[in-house]
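See below for input-v4.cif, which holds mmCIF, C-alpha atoms.
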```cif
data_coords
#
loop_
_atom_site.label_atom_id
_atom_site.label_comp_id
_atom_site.auth_asym_id
_atom_site.auth_seq_id
_atom_site.Cartn_x
_atom_site.Cartn_y
_atom_site.Cartn_z
CA PRO A 1 98.99 59.46 44.61
CA ALA A 2 100.21 58.07 47.91
CA LEU A 3 99.26 61.18 49.92
CA ARG A 4 95.65 61.09 48.70
CA ARG A 5 95.28 57.36 49.21
CA LEU A 6 96.75 57.61 52.73
CA SER A 7 94.61 60.59 53.68
CA HIS A 8 91.46 58.92 52.41
CA SER A 9 92.38 55.70 54.21
CA LEU A 10 92.96 57.44 57.55
CA LEU A 11 89.98 59.79 57.54
CA ALA A 12 87.34 57.65 55.77
CA ARG A 13 85.95 56.13 58.95
CA TYR A 14 87.68 58.37 61.53
CA GLN A 15 85.53 59.60 64.45
CA LYS A 16 86.99 62.83 65.79
CA GLY A 17 84.40 63.17 68.55
CA THR A 18 85.86 60.39 70.74
CA ARG A 19 89.23 59.96 72.40
CA PRO A 20 91.49 57.98 70.01
CA VAL A 21 92.11 54.83 72.06
CA ARG A 22 90.99 51.28 71.39
CA ASP A 23 90.64 50.50 75.11
CA TRP A 24 88.83 53.23 77.07
CA ARG A 25 90.98 52.46 80.11
CA THR A 26 94.08 53.59 78.24
CA THR A 27 95.30 57.07 79.20
CA THR A 28 96.22 59.51 76.47
CA ASN A 29 99.58 61.05 77.31
CA VAL A 30 100.07 64.55 75.93
CA ALA A 31 103.60 65.98 75.97
CA ILE A 32 103.77 69.77 75.75
CA ASP A 33 106.56 72.24 75.19
CA LEU A 34 106.84 76.03 75.33
CA MET A 35 109.29 78.60 74.02
CA VAL A 36 108.90 82.32 74.72
CA TYR A 37 109.24 84.41 71.57
CA ALA A 38 108.54 87.95 72.87
CA ILE A 39 107.21 89.92 75.83
CA LEU A 40 104.64 92.21 74.21
CA SER A 41 103.35 94.23 77.16
CA VAL A 42 103.10 94.30 80.93
CA ASP A 43 99.98 96.10 82.18
CA GLU A 44 100.59 96.83 85.86
CA LYS A 45 97.27 98.58 86.36
CA ASN A 46 95.13 95.68 85.08
CA GLN A 47 97.63 93.00 86.16
CA VAL A 48 97.83 91.49 82.67
CA LEU A 49 100.88 90.02 80.92
CA THR A 50 100.88 89.66 77.13
CA THR A 51 103.41 87.23 75.67
CA TYR A 52 103.96 85.54 72.35
CA ILE A 53 104.93 81.87 72.66
CA TRP A 54 105.63 78.91 70.44
CA TYR A 55 103.54 76.05 71.76
CA ARG A 56 103.90 72.35 70.84
CA GLN A 57 101.77 69.31 71.63
CA HIS A 58 102.54 65.65 71.09
CA TRP A 59 100.25 62.66 71.62
CA THR A 60 99.52 59.23 70.13
CA ASP A 61 96.39 58.57 68.08
CA GLU A 62 95.79 54.82 67.79
CA PHE A 63 93.48 55.27 64.78
CA LEU A 64 96.06 57.15 62.69
CA GLN A 65 98.54 54.30 62.13
CA TRP A 66 99.54 52.67 58.82
CA ASP A 67 102.11 50.50 57.12
CA PRO A 68 104.54 52.68 55.15
CA ALA A 69 105.16 49.85 52.65
CA ARG A 70 101.60 50.14 51.35
CA PHE A 71 101.97 53.87 50.66
CA ASP A 72 105.31 54.27 48.89
CA ASN A 73 107.23 54.23 52.23
CA LEU A 74 105.44 57.38 53.37
CA THR A 75 106.11 57.82 57.11
CA GLN A 76 104.64 61.27 57.78
CA ILE A 77 101.64 63.20 56.56
CA SER A 78 99.97 66.51 57.38
CA LEU A 79 96.25 66.41 58.08
CA PRO A 80 93.71 69.16 58.75
CA VAL A 81 93.41 69.89 62.45
CA GLU A 82 89.61 70.10 62.14
CA SER A 83 89.46 66.49 60.92
CA ILE A 84 91.07 64.73 63.88
CA TRP A 85 90.73 64.61 67.65
CA VAL A 86 92.66 67.32 69.52
CA PRO A 87 93.03 67.47 73.32
CA ASP A 88 91.14 70.28 75.07
CA ILE A 89 94.20 71.79 76.75
CA LEU A 90 93.80 75.40 77.75
CA ILE A 91 95.69 77.97 79.83
CA ASN A 92 94.00 78.70 83.15
CA GLU A 93 95.26 82.28 83.32
CA PHE A 94 93.65 83.32 80.01
CA VAL A 95 91.83 86.67 80.30
CA ASP A 96 91.38 87.54 76.63
CA VAL A 97 91.68 85.96 73.22
CA GLY A 98 94.93 87.02 71.61
CA LYS A 99 95.63 87.69 67.96
CA SER A 100 97.10 84.27 67.29
CA PRO A 101 97.55 83.04 63.71
CA HIS A 102 95.56 79.97 62.77
CA VAL A 103 97.62 76.89 61.84
CA PRO A 104 95.29 74.53 59.91
CA TYR A 105 97.44 71.37 59.86
CA VAL A 106 99.12 68.86 62.16
CA TYR A 107 101.87 66.31 61.44
CA VAL A 108 101.07 62.60 61.86
CA SER A 109 103.66 59.81 61.72
CA HIS A 110 102.98 56.17 60.77
CA HIS A 111 103.15 55.18 64.47
CA GLY A 112 100.17 57.44 65.20
CA GLU A 113 102.23 60.20 66.81
CA VAL A 114 100.59 63.59 66.29
CA GLN A 115 102.53 66.86 66.54
CA ASN A 116 100.57 70.07 66.85
CA LEU A 117 102.80 73.15 66.58
CA LYS A 118 101.32 76.63 66.74
CA PRO A 119 102.23 80.16 67.87
CA ILE A 120 99.95 81.76 70.47
CA GLN A 121 99.58 85.32 71.70
CA VAL A 122 98.79 84.82 75.37
CA MET A 123 97.04 87.45 77.48
CA THR A 124 97.13 86.11 81.01
CA ALA A 125 96.41 87.38 84.49
CA CYS A 126 99.53 87.80 86.58
CA SER A 127 100.20 89.14 90.05
CA LEU A 128 102.65 91.91 89.21
CA ASP A 129 104.73 93.33 92.04
CA ILE A 130 105.96 96.83 91.17
CA TYR A 131 107.44 97.75 94.55
CA ASN A 132 110.98 97.41 93.17
CA PHE A 133 110.29 99.48 90.03
CA PRO A 134 112.36 100.07 87.89
CA PHE A 135 114.50 97.15 89.12
CA ASP A 136 111.57 94.75 89.37
CA VAL A 137 111.52 91.07 88.43
CA GLN A 138 108.17 89.51 87.54
CA ASN A 139 107.23 85.84 87.81
CA CYS A 140 104.12 84.91 85.83
CA SER A 141 102.74 81.41 85.44
CA LEU A 142 101.16 79.68 82.44
CA THR A 143 99.15 76.65 83.57
CA PHE A 144 98.22 74.11 80.88
CA THR A 145 95.51 71.65 81.77
CA SER A 146 92.61 69.75 80.24
CA TRP A 147 89.43 71.63 80.93
CA LEU A 148 87.22 68.52 80.92
CA HIS A 149 89.20 65.27 81.07
CA HIS A 150 90.63 64.10 84.38
CA ILE A 151 94.02 62.54 84.78
CA ARG A 152 92.85 59.00 84.00
CA ASP A 153 91.83 60.12 80.51
CA ILE A 154 94.47 62.74 79.66
CA ASN A 155 97.81 63.01 81.40
CA LEU A 156 100.38 65.71 80.76
CA SER A 157 104.14 65.55 80.58
CA LEU A 158 107.05 67.71 79.46
CA TRP A 159 108.34 67.24 75.94
CA ARG A 160 111.94 68.24 76.72
CA GLN A 161 114.08 68.12 79.83
CA PRO A 162 113.37 70.89 82.38
CA GLU A 163 116.97 72.15 82.10
CA LEU A 164 116.60 72.61 78.35
CA VAL A 165 113.34 74.49 78.79
CA LYS A 166 114.72 76.71 81.58
CA PHE A 167 117.51 78.45 79.68
CA ASP A 168 116.16 78.22 76.14
CA ARG A 169 116.36 81.73 74.63
CA SER A 170 116.95 80.62 71.07
CA VAL A 171 113.82 82.29 69.68
CA PHE A 172 113.39 85.11 72.19
CA MET A 173 113.42 88.64 70.76
CA ASN A 174 115.72 90.33 73.27
CA GLN A 175 115.29 93.97 72.21
CA GLY A 176 112.40 95.32 74.29
CA GLU A 177 111.95 96.72 77.76
CA TRP A 178 111.90 93.25 79.35
CA GLU A 179 114.50 90.51 79.23
CA LEU A 180 113.79 86.82 79.77
CA LEU A 181 115.71 85.28 82.66
CA TYR A 182 114.46 81.69 82.59
CA VAL A 183 111.36 79.51 82.28
CA LEU A 184 110.67 77.00 85.05
CA SER A 185 108.43 73.97 84.55
CA CYS A 186 106.51 71.97 87.12
CA PHE A 187 103.96 69.11 86.94
CA GLN A 188 101.25 68.76 89.56
CA GLU A 189 97.81 67.33 90.16
CA PHE A 190 94.86 69.20 91.56
CA SER A 191 91.29 68.42 92.44
CA VAL A 192 88.26 70.50 93.29
CA LYS A 193 86.76 69.28 96.59
CA SER A 194 86.05 65.56 96.17
CA SER A 195 86.08 65.42 92.37
CA ASP A 196 88.61 63.59 90.22
CA SER A 197 92.15 64.81 89.89
CA TYR A 198 93.35 66.79 86.89
CA ALA A 199 96.84 67.02 85.47
CA GLU A 200 98.54 70.41 85.26
CA MET A 201 101.75 71.54 83.67
CA LYS A 202 102.96 74.92 84.96
CA PHE A 203 105.49 77.13 83.25
CA TYR A 204 106.86 80.05 85.28
CA VAL A 205 108.08 82.85 82.99
CA VAL A 206 110.56 85.00 84.92
CA ILE A 207 111.30 88.37 83.32
CA ARG A 208 113.26 91.44 84.42
CA ARG A 209 112.84 95.08 83.44
CA ARG A 210 115.73 96.98 81.91
CA PRO A 211 116.16 100.01 84.21
CA LEU A 212 118.48 102.23 82.13
CA PHE A 213 115.73 104.39 80.59
CA TYR A 214 114.02 104.99 83.93
CA THR A 215 117.34 105.67 85.66
CA VAL A 216 118.20 108.38 83.15
CA SER A 217 114.74 109.95 82.91
CA LEU A 218 113.55 109.63 86.53
CA LEU A 219 116.35 109.14 89.03
CA LEU A 220 119.10 111.38 87.67
CA PRO A 221 116.98 114.59 87.40
CA SER A 222 115.75 114.06 90.95
CA ILE A 223 119.29 113.50 92.20
CA PHE A 224 120.50 116.66 90.44
CA LEU A 225 117.77 118.76 92.05
CA MET A 226 118.61 117.37 95.49
CA VAL A 227 122.31 118.16 94.95
CA MET A 228 121.41 121.72 94.02
CA ASP A 229 119.33 121.99 97.20
CA ILE A 230 122.35 120.94 99.25
CA VAL A 231 124.58 123.42 97.42
CA GLY A 232 122.04 126.16 98.21
CA PHE A 233 123.01 125.96 101.89
CA TYR A 234 126.30 127.67 101.04
CA LEU A 235 124.47 130.91 100.30
CA PRO A 236 124.75 133.43 103.20
CA PRO A 237 122.02 132.75 105.77
CA HIS A 238 121.34 136.46 106.40
CA SER A 239 120.52 137.13 102.73
CA GLY A 240 117.18 136.58 101.11
CA GLU A 241 118.63 134.86 98.04
CA ARG A 242 118.59 131.46 99.68
CA VAL A 243 114.84 131.57 100.25
CA SER A 244 114.05 132.47 96.63
CA PHE A 245 116.53 129.85 95.39
CA LYS A 246 114.94 127.04 97.40
CA ILE A 247 111.42 128.13 96.44
CA THR A 248 112.49 127.90 92.78
CA LEU A 249 113.86 124.39 93.39
CA LEU A 250 110.62 123.32 95.06
CA LEU A 251 108.55 124.60 92.14
CA GLY A 252 110.87 122.88 89.66
CA TYR A 253 110.56 119.58 91.52
CA SER A 254 106.77 119.89 91.52
CA VAL A 255 106.77 120.35 87.74
CA PHE A 256 109.11 117.36 87.44
CA LEU A 257 106.71 115.14 89.41
CA ILE A 258 103.80 116.21 87.20
CA ILE A 259 105.79 115.25 84.09
CA VAL A 260 106.88 111.82 85.37
CA SER A 261 103.52 110.86 86.90
CA ASP A 262 102.45 109.18 83.65
CA THR A 263 105.65 107.14 83.51
CA LEU A 264 105.25 105.51 86.90
CA PRO A 265 103.20 102.29 86.98
CA ALA A 266 99.89 102.61 88.80
CA THR A 267 98.18 99.82 90.71
CA ALA A 268 95.45 99.66 93.29
CA VAL A 269 97.36 97.27 95.57
CA GLY A 270 100.57 99.16 96.21
CA THR A 271 102.94 102.00 95.45
CA PRO A 272 106.41 101.51 93.96
CA LEU A 273 109.37 102.47 96.08
CA ILE A 274 110.39 105.11 93.58
CA GLY A 275 107.09 106.91 94.24
CA THR A 276 107.91 106.96 97.94
CA TYR A 277 111.38 108.20 97.01
CA PHE A 278 109.91 111.16 95.12
CA VAL A 279 107.57 112.01 98.00
CA VAL A 280 110.43 111.90 100.52
CA CYS A 281 112.57 114.10 98.24
CA MET A 282 109.74 116.61 98.08
CA ALA A 283 109.43 116.49 101.87
CA LEU A 284 113.20 117.07 102.21
CA LEU A 285 112.93 120.12 99.96
CA VAL A 286 110.08 121.47 102.11
CA ILE A 287 112.12 120.85 105.27
CA SER A 288 115.09 122.62 103.70
CA LEU A 289 112.94 125.62 102.81
CA THR A 290 111.46 125.69 106.32
CA GLU A 291 114.95 125.62 107.85
CA THR A 292 116.04 128.47 105.60
CA ILE A 293 113.03 130.60 106.56
CA LEU A 294 113.73 129.92 110.24
CA ILE A 295 117.38 130.95 109.95
CA VAL A 296 116.61 134.09 107.96
CA ARG A 297 113.98 135.06 110.50
CA LEU A 298 116.43 134.42 113.32
CA VAL A 299 119.31 136.49 111.98
CA HIS A 300 117.21 139.35 110.63
CA LYS A 301 117.70 142.51 112.67
CA GLN A 302 114.66 143.92 114.46
CA ASP A 303 114.42 146.86 116.84
CA LEU A 304 112.62 145.05 119.65
CA GLN A 305 114.56 141.79 119.51
CA PRO A 306 115.46 140.47 123.01
CA HIS A 307 118.85 139.18 124.00
CA VAL A 308 119.80 135.54 123.46
CA PRO A 309 119.01 133.44 126.58
CA GLU A 310 121.99 132.26 128.56
CA TRP A 311 121.18 128.57 128.09
CA MET A 312 121.13 129.05 124.32
CA LYS A 313 124.48 130.82 124.42
CA ARG A 314 126.05 127.96 126.37
CA LEU A 315 124.44 125.33 124.17
CA LEU A 316 125.02 126.83 120.71
CA LEU A 317 127.83 129.37 121.03
CA GLU A 318 130.07 127.25 123.25
CA ARG A 319 129.32 123.54 123.01
CA ALA A 320 127.92 123.39 119.50
CA THR A 321 130.82 125.36 118.01
CA VAL A 322 133.30 122.91 119.51
CA LEU A 323 131.23 119.94 118.37
CA LEU A 324 130.82 121.28 114.83
CA CYS A 325 134.45 122.47 114.62
CA ILE A 326 133.46 126.02 113.66
CA ARG A 327 136.68 128.03 113.62
CA ASP A 328 135.67 131.19 111.75
CA ARG A 329 132.75 132.15 113.98
CA GLU A 330 134.66 135.08 115.54
CA LYS A 331 135.73 136.36 112.14
CA PHE A 332 132.19 136.11 110.84
CA SER A 333 130.76 137.90 113.88
CA GLN A 334 133.37 140.66 113.69
CA SER A 335 132.57 141.34 110.05
CA ARG A 336 128.92 141.43 110.93
CA MET A 337 129.61 143.82 113.81
CA GLN A 338 131.49 146.13 111.46
CA SER A 339 128.58 146.13 109.02
CA LEU A 340 126.21 146.96 111.87
CA ASP A 341 128.47 149.68 113.28
CA THR A 342 128.83 151.52 109.98
CA PRO A 343 125.72 153.73 110.45
CA ARG A 344 126.86 154.60 113.97
CA GLN A 345 130.28 155.73 112.79
CA VAL A 346 128.71 157.86 110.09
CA GLU A 347 126.50 159.57 112.68
CA SER A 348 129.42 160.24 115.02
CA ASN A 349 131.51 161.67 112.18
CA ASP A 350 128.65 163.92 111.15
CA SER A 351 128.21 165.17 114.71
CA THR A 352 131.92 165.96 115.11
CA ALA A 353 132.18 167.57 111.73
CA LYS A 354 129.23 169.89 112.33
CA PRO A 355 130.47 173.28 113.67
CA THR A 356 128.93 174.79 116.78
CA PRO A 357 127.25 178.16 116.55
CA TYR A 358 129.92 179.67 118.86
CA ALA A 359 133.01 178.33 117.04
CA CYS A 360 135.67 180.80 115.85
CA GLU A 361 138.94 180.62 114.07
CA ASP A 362 140.86 183.59 115.63
CA PRO A 363 141.88 183.23 119.35
CA ARG A 364 141.61 186.99 119.94
CA GLU A 365 138.08 187.01 118.70
CA CYS A 366 137.33 184.09 120.98
CA GLY A 367 138.75 186.00 123.95
CA ALA A 368 136.72 189.09 123.21
CA VAL A 369 133.63 187.10 122.74
CA GLY A 370 134.37 185.17 125.94
CA GLY A 371 134.62 188.35 127.99
CA THR A 372 131.43 189.70 126.65
CA ARG A 373 129.76 186.34 127.14
CA SER A 374 130.79 186.15 130.80
CA ALA A 375 129.36 189.54 131.46
CA VAL A 376 126.15 188.69 129.77
CA ALA A 377 126.01 185.32 131.52
CA PHE A 378 126.46 186.91 134.92
CA ALA A 379 123.66 189.28 134.18
CA GLY A 380 121.32 186.55 132.88
CA ARG A 381 122.27 183.68 135.14
CA THR A 382 118.84 183.30 136.46
CA GLU A 383 117.25 183.24 133.02
CA GLY A 384 119.79 180.72 131.63
CA SER A 385 119.45 178.10 134.37
CA ALA A 386 116.12 176.88 133.00
CA ALA A 387 117.50 176.64 129.44
CA LEU A 388 120.55 174.72 130.71
CA GLN A 389 118.37 172.17 132.47
CA GLU A 390 116.39 171.69 129.27
CA VAL A 391 119.60 171.09 127.33
CA LEU A 392 120.74 168.57 129.94
CA ARG A 393 117.47 166.68 129.69
CA GLU A 394 117.75 166.56 125.91
CA ALA A 395 121.34 165.29 126.11
CA THR A 396 120.29 162.61 128.60
CA ALA A 397 117.50 161.45 126.28
CA ILE A 398 119.90 161.30 123.34
CA ARG A 399 122.37 159.29 125.39
CA GLN A 400 119.65 156.81 126.46
CA LEU A 401 118.55 156.45 122.85
CA LEU A 402 122.10 155.72 121.70
CA GLU A 403 122.60 153.23 124.51
CA LYS A 404 119.36 151.48 123.58
CA ARG A 405 120.41 151.34 119.93
CA GLU A 406 123.73 149.85 120.97
CA GLU A 407 121.88 147.30 123.06
CA PHE A 408 119.71 146.37 120.07
CA ARG A 409 122.83 145.99 117.95
CA ASP A 410 124.42 143.72 120.54
CA ALA A 411 121.29 141.58 120.54
CA ALA A 412 121.34 141.45 116.73
CA ARG A 413 124.99 140.35 116.79
CA GLU A 414 124.20 137.61 119.28
CA TRP A 415 121.26 136.34 117.22
CA LEU A 416 123.43 136.43 114.11
CA GLN A 417 125.98 134.20 115.80
CA VAL A 418 123.24 131.86 117.00
CA GLY A 419 121.72 131.77 113.52
CA TYR A 420 125.08 131.00 111.93
CA VAL A 421 125.81 128.11 114.31
CA LEU A 422 122.25 126.79 114.04
CA ASP A 423 122.44 126.96 110.26
CA VAL A 424 125.60 124.86 110.23
CA LEU A 425 124.05 122.38 112.67
CA LEU A 426 120.82 121.97 110.70
CA PHE A 427 122.70 121.74 107.42
CA ARG A 428 124.82 118.88 108.69
CA VAL A 429 121.78 117.09 110.10
CA TYR A 430 119.99 117.56 106.77
CA LEU A 431 123.04 116.34 104.84
CA ALA A 432 123.32 113.26 107.07
CA ALA A 433 119.62 112.46 106.52
CA VAL A 434 119.95 112.82 102.73
CA LEU A 435 123.08 110.67 102.63
CA ALA A 436 121.54 107.95 104.81
CA TYR A 437 118.41 107.92 102.67
CA SER A 438 120.43 107.78 99.44
CA ILE A 439 122.69 104.98 100.69
CA THR A 440 119.68 102.92 101.81
CA LEU A 441 117.89 103.27 98.47
CA GLY A 442 121.08 102.67 96.50
CA THR A 443 121.79 99.49 98.46
CA LEU A 444 118.25 98.17 97.97
CA TRP A 445 118.23 98.89 94.24
CA SER A 446 121.70 97.38 93.81
CA VAL A 447 120.59 94.19 95.54
CA TRP A 448 117.44 93.97 93.40
CA ARG A 449 119.35 94.68 90.19
CA ASP A 450 121.96 91.99 90.87
CA ALA A 451 119.46 89.44 92.17
#
```
In structure tokens, how does this file's structure come out?
Amino acid sequence: PALRRLSHSLLARYQKGTRPVRDWRTTTNVAIDLMVYAILSVDEKNQVLTTYIWYRQHWTDEFLQWDPARFDNLTQISLPVESIWVPDILINEFVDVGKSPHVPYVYVSHHGEVQNLKPIQVMTACSLDIYNFPFDVQNCSLTFTSWLHHIRDINLSLWRQPELVKFDRSVFMNQGEWELLYVLSCFQEFSVKSSDSYAEMKFYVVIRRRPLFYTVSLLLPSIFLMVMDIVGFYLPPHSGERVSFKITLLLGYSVFLIIVSDTLPATAVGTPLIGTYFVVCMALLVISLTETILIVRLVHKQDLQPHVPEWMKRLLLERATVLLCIRDREKFSQSRMQSLDTPRQVESNDSTAKPTPYACEDPRECGAVGGTRSAVAFAGRTEGSAALQEVLREATAIRQLLEKREEFRDAAREWLQVGYVLDVLLFRVYLAAVLAYSITLGTLWSVWRDA
């Protein structure tokens, strides 16, 4: 048969150990092509990219030529790849041998043109930048070059036009975490010190991560917790519920960070911006809790609390209220004053309602008792003067105690007003910081996503 006769004719005296040229000064031109089939994995920690590509080589073998008329017009034949010369073109970024299927044959035309087509699982080293995670774009290079032959022996070229290679997604499996943007190609020569030059063909595989999963599982829960922290400021500052609420939020955010720590990429060269975002959110929650503790401590009534300094009154109760447009401060302070004055009113009502030991209902009885009392008092005036002085001293002490209690209540009212104004001021500063931080991150991530 023609195939057997042609195969025996081509390989009978073929020497696969030498470059297939009749003149040693002739350069073997190898045209290569690449199509990305799938992005298998991106290992940020070890800086390794695993891809599956379809790789093609094309060169001319001067010892594999024949006349088709002698072999039943046969113009193409497949030969075992182990039986002919194959260029030693490797990928410089190789870090491990992938699980690539073995293709045992190559196509040879009657002009001596050899086509070697094979799929390759490529595990290459790549400098992965995860600062923009999860909106990151990675650019990894695949450098094809002859490991031994310099450019005078083997030269490289591109099989197709660079524009066709750049946007070719015909075989790409576009269902994973990464999407292929484009593949750039570039030819260059390089030399080591003063040695001969070598030909290189570089392919830059540019891929982008799909951020939807990470946005739903990482960003939205953190945003919801921060919104709840802001809503917690509307709890009354003089109640203890705000402190327990914010402590619960802080504990919940800590558990959230522990859960998502395995999802974030880890490298030894840098930290992604989203990690910094989580740390800043945690710091904002701590600052919010600290502010709440300060306000609760400020407005809490204590017996030995001094009066508010005059400079603080002018700064917070006069200027700050106008600046913050606080209109219900008087209403709030009056309600607080009424709540503080309730025990005092109860004591005064009890004192007025309690009858004296000398009270009587009948006026005639009061007159009789009064006459008798005046006689007795005249007789015991000397003995009663000492008891009267004792009663006066006790009344004076009670009056001083009530005045001091009223002074303490006035101080508590003043500190309550200061705490209320300071709470509004710190809340607005905190809200401005959170909004500025959110707008900055949102702008950066929007720019990276649309880039």
Have a look at CA of Phe172 in chain A and CA of Asp136 in chain A and let me know their distance in Å, one decimal.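 Going from CA of Phe172 in chain A over to CA of Asp136 in chain A covers 19.8 Å.
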One decimal place gives the CA of Val424 in chain A-CA of Thr276 in chain A separation as 28.0 Å
Taking the file as shown, find all residues satisfying the PyMOL selection byres ((chain A and resi 110) around 8) and write them as a PyMOL selection string. chain A and resi 64-68+74-76+108-109+111-113
Where does the PyMOL selection byres ((chain A and resi 132) around 12) land in this file, that is, which residues does it pick, as a PDB file with C-alpha atoms, in the frame of the given file?
```
ATOM      1  CA  LEU A 128     102.650  91.910  89.210  1.00  0.00           C
ATOM      2  CA  ASP A 129     104.730  93.330  92.040  1.00  0.00           C
ATOM      3  CA  ILE A 130     105.960  96.830  91.170  1.00  0.00           C
ATOM      4  CA  TYR A 131     107.440  97.750  94.550  1.00  0.00           C
ATOM      5  CA  PHE A 133     110.290  99.480  90.030  1.00  0.00           C
ATOM      6  CA  PRO A 134     112.360 100.070  87.890  1.00  0.00           C
ATOM      7  CA  PHE A 135     114.500  97.150  89.120  1.00  0.00           C
ATOM      8  CA  ASP A 136     111.570  94.750  89.370  1.00  0.00           C
ATOM      9  CA  VAL A 137     111.520  91.070  88.430  1.00  0.00           C
ATOM     10  CA  GLN A 138     108.170  89.510  87.540  1.00  0.00           C
ATOM     11  CA  ARG A 208     113.260  91.440  84.420  1.00  0.00           C
ATOM     12  CA  ARG A 209     112.840  95.080  83.440  1.00  0.00           C
ATOM     13  CA  PRO A 211     116.160 100.010  84.210  1.00  0.00           C
ATOM     14  CA  LEU A 264     105.250 105.510  86.900  1.00  0.00           C
ATOM     15  CA  PRO A 265     103.200 102.290  86.980  1.00  0.00           C
ATOM     16  CA  GLY A 270     100.570  99.160  96.210  1.00  0.00           C
ATOM     17  CA  THR A 271     102.940 102.000  95.450  1.00  0.00           C
ATOM     18  CA  PRO A 272     106.410 101.510  93.960  1.00  0.00           C
ATOM     19  CA  LEU A 273     109.370 102.470  96.080  1.00  0.00           C
ATOM     20  CA  ILE A 274     110.390 105.110  93.580  1.00  0.00           C
ATOM     21  CA  GLY A 275     107.090 106.910  94.240  1.00  0.00           C
ATOM     22  CA  THR A 276     107.910 106.960  97.940  1.00  0.00           C
ATOM     23  CA  TYR A 277     111.380 108.200  97.010  1.00  0.00           C
ATOM     24  CA  LEU A 441     117.890 103.270  98.470  1.00  0.00           C
ATOM     25  CA  GLY A 442     121.080 102.670  96.500  1.00  0.00           C
ATOM     26  CA  LEU A 444     118.250  98.170  97.970  1.00  0.00           C
ATOM     27  CA  TRP A 445     118.230  98.890  94.240  1.00  0.00           C
ATOM     28  CA  SER A 446     121.700  97.380  93.810  1.00  0.00           C
ATOM     29  CA  VAL A 447     120.590  94.190  95.540  1.00  0.00           C
ATOM     30  CA  TRP A 448     117.440  93.970  93.400  1.00  0.00           C
ATOM     31  CA  ARG A 449     119.350  94.680  90.190  1.00  0.00           C
ATOM     32  CA  ALA A 451     119.460  89.440  92.170  1.00  0.00           C
TER      33      ALA A 451
END
```
Taking the file as shown, find all residues satisfying the PyMOL selection byres ((chain A and resi 114) around 12) and write them as an NGL selection string. :A and (20 or 28-32 or 56-65 or 76-81 or 84-87 or 105-113 or 115-117)
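Using all atoms listed in the file for every distance, the candidate list A:Val227, A:Leu289, A:Ile39, A:Ile259 yields A:Leu289 as the residue closest to Glu241 in chain A.
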Separation of CA of Trp159 in chain A from CA of Asp23 in chain A, in Å and rounded to one decimal: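 Between these atoms lies a distance of 24.4 Å.
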In the coordinates of the file, take the point (111.2, 67.1, 81.0) and a cut-off of 12 Å; then, counting all atoms listed in the file, name each qualifying protein, DNA or RNA residue as a PyMOL selection string. chain A and resi 31-34+156-166+184-187+201+203
Go through A:Val103, A:Ile439, A:Leu284, A:Ala199 one by one, measure the shortest atom-to-atom distance of each to His150 in chain A using all atoms listed in the file, and give the residue with the smallest value. A:Ala199
Shell of 12 Å around Ala125 in chain A, all atoms listed in the file, local chain residues under 2 positions omitted, as a PDB file with C-alpha atoms, in the coordinates of the input:
```
ATOM      1  CA  VAL A  42     103.100  94.300  80.930  1.00  0.00           C
ATOM      2  CA  ASP A  43      99.980  96.100  82.180  1.00  0.00           C
ATOM      3  CA  GLU A  44     100.590  96.830  85.860  1.00  0.00           C
ATOM      4  CA  LYS A  45      97.270  98.580  86.360  1.00  0.00           C
ATOM      5  CA  ASN A  46      95.130  95.680  85.080  1.00  0.00           C
ATOM      6  CA  GLN A  47      97.630  93.000  86.160  1.00  0.00           C
ATOM      7  CA  VAL A  48      97.830  91.490  82.670  1.00  0.00           C
ATOM      8  CA  LEU A  49     100.880  90.020  80.920  1.00  0.00           C
ATOM      9  CA  THR A  50     100.880  89.660  77.130  1.00  0.00           C
ATOM     10  CA  THR A  51     103.410  87.230  75.670  1.00  0.00           C
ATOM     11  CA  ILE A  91      95.690  77.970  79.830  1.00  0.00           C
ATOM     12  CA  ASN A  92      94.000  78.700  83.150  1.00  0.00           C
ATOM     13  CA  GLU A  93      95.260  82.280  83.320  1.00  0.00           C
ATOM     14  CA  PHE A  94      93.650  83.320  80.010  1.00  0.00           C
ATOM     15  CA  VAL A  95      91.830  86.670  80.300  1.00  0.00           C
ATOM     16  CA  ASP A  96      91.380  87.540  76.630  1.00  0.00           C
ATOM     17  CA  VAL A 122      98.790  84.820  75.370  1.00  0.00           C
ATOM     18  CA  MET A 123      97.040  87.450  77.480  1.00  0.00           C
ATOM     19  CA  SER A 127     100.200  89.140  90.050  1.00  0.00           C
ATOM     20  CA  LEU A 128     102.650  91.910  89.210  1.00  0.00           C
ATOM     21  CA  ASN A 139     107.230  85.840  87.810  1.00  0.00           C
ATOM     22  CA  CYS A 140     104.120  84.910  85.830  1.00  0.00           C
ATOM     23  CA  SER A 141     102.740  81.410  85.440  1.00  0.00           C
ATOM     24  CA  LEU A 142     101.160  79.680  82.440  1.00  0.00           C
ATOM     25  CA  THR A 143      99.150  76.650  83.570  1.00  0.00           C
TER      26      THR A 143
END
```
Calculated over all atoms listed in the file, which of the candidates A:Ile154, A:Leu425, A:Ile293, A:Leu435 has the smallest distance to Trp24 in chain A?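 Closest candidate: A:Ile154.
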Which residue, A:Tyr430, A:Gln417, A:Leu402, A:Leu422, has the smallest gap to Cys281 in chain A when you use all atoms listed in the file?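 Among the listed residues, the smallest separation from Cys281 in chain A belongs to A:Tyr430.
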Using the file's own x, y and z axes, so that the box edges lie along x, y and z, what centre and edge lengths in Å (one decimal) does a box around every listed atom of range 430-439 of chain A get when 3 Å is added on each side? Give it as lines of an AutoDock Vina configuration file.
```
center_x = 120.9
center_y = 111.3
center_z = 103.3
size_x = 10.9
size_y = 18.6
size_z = 13.6
```
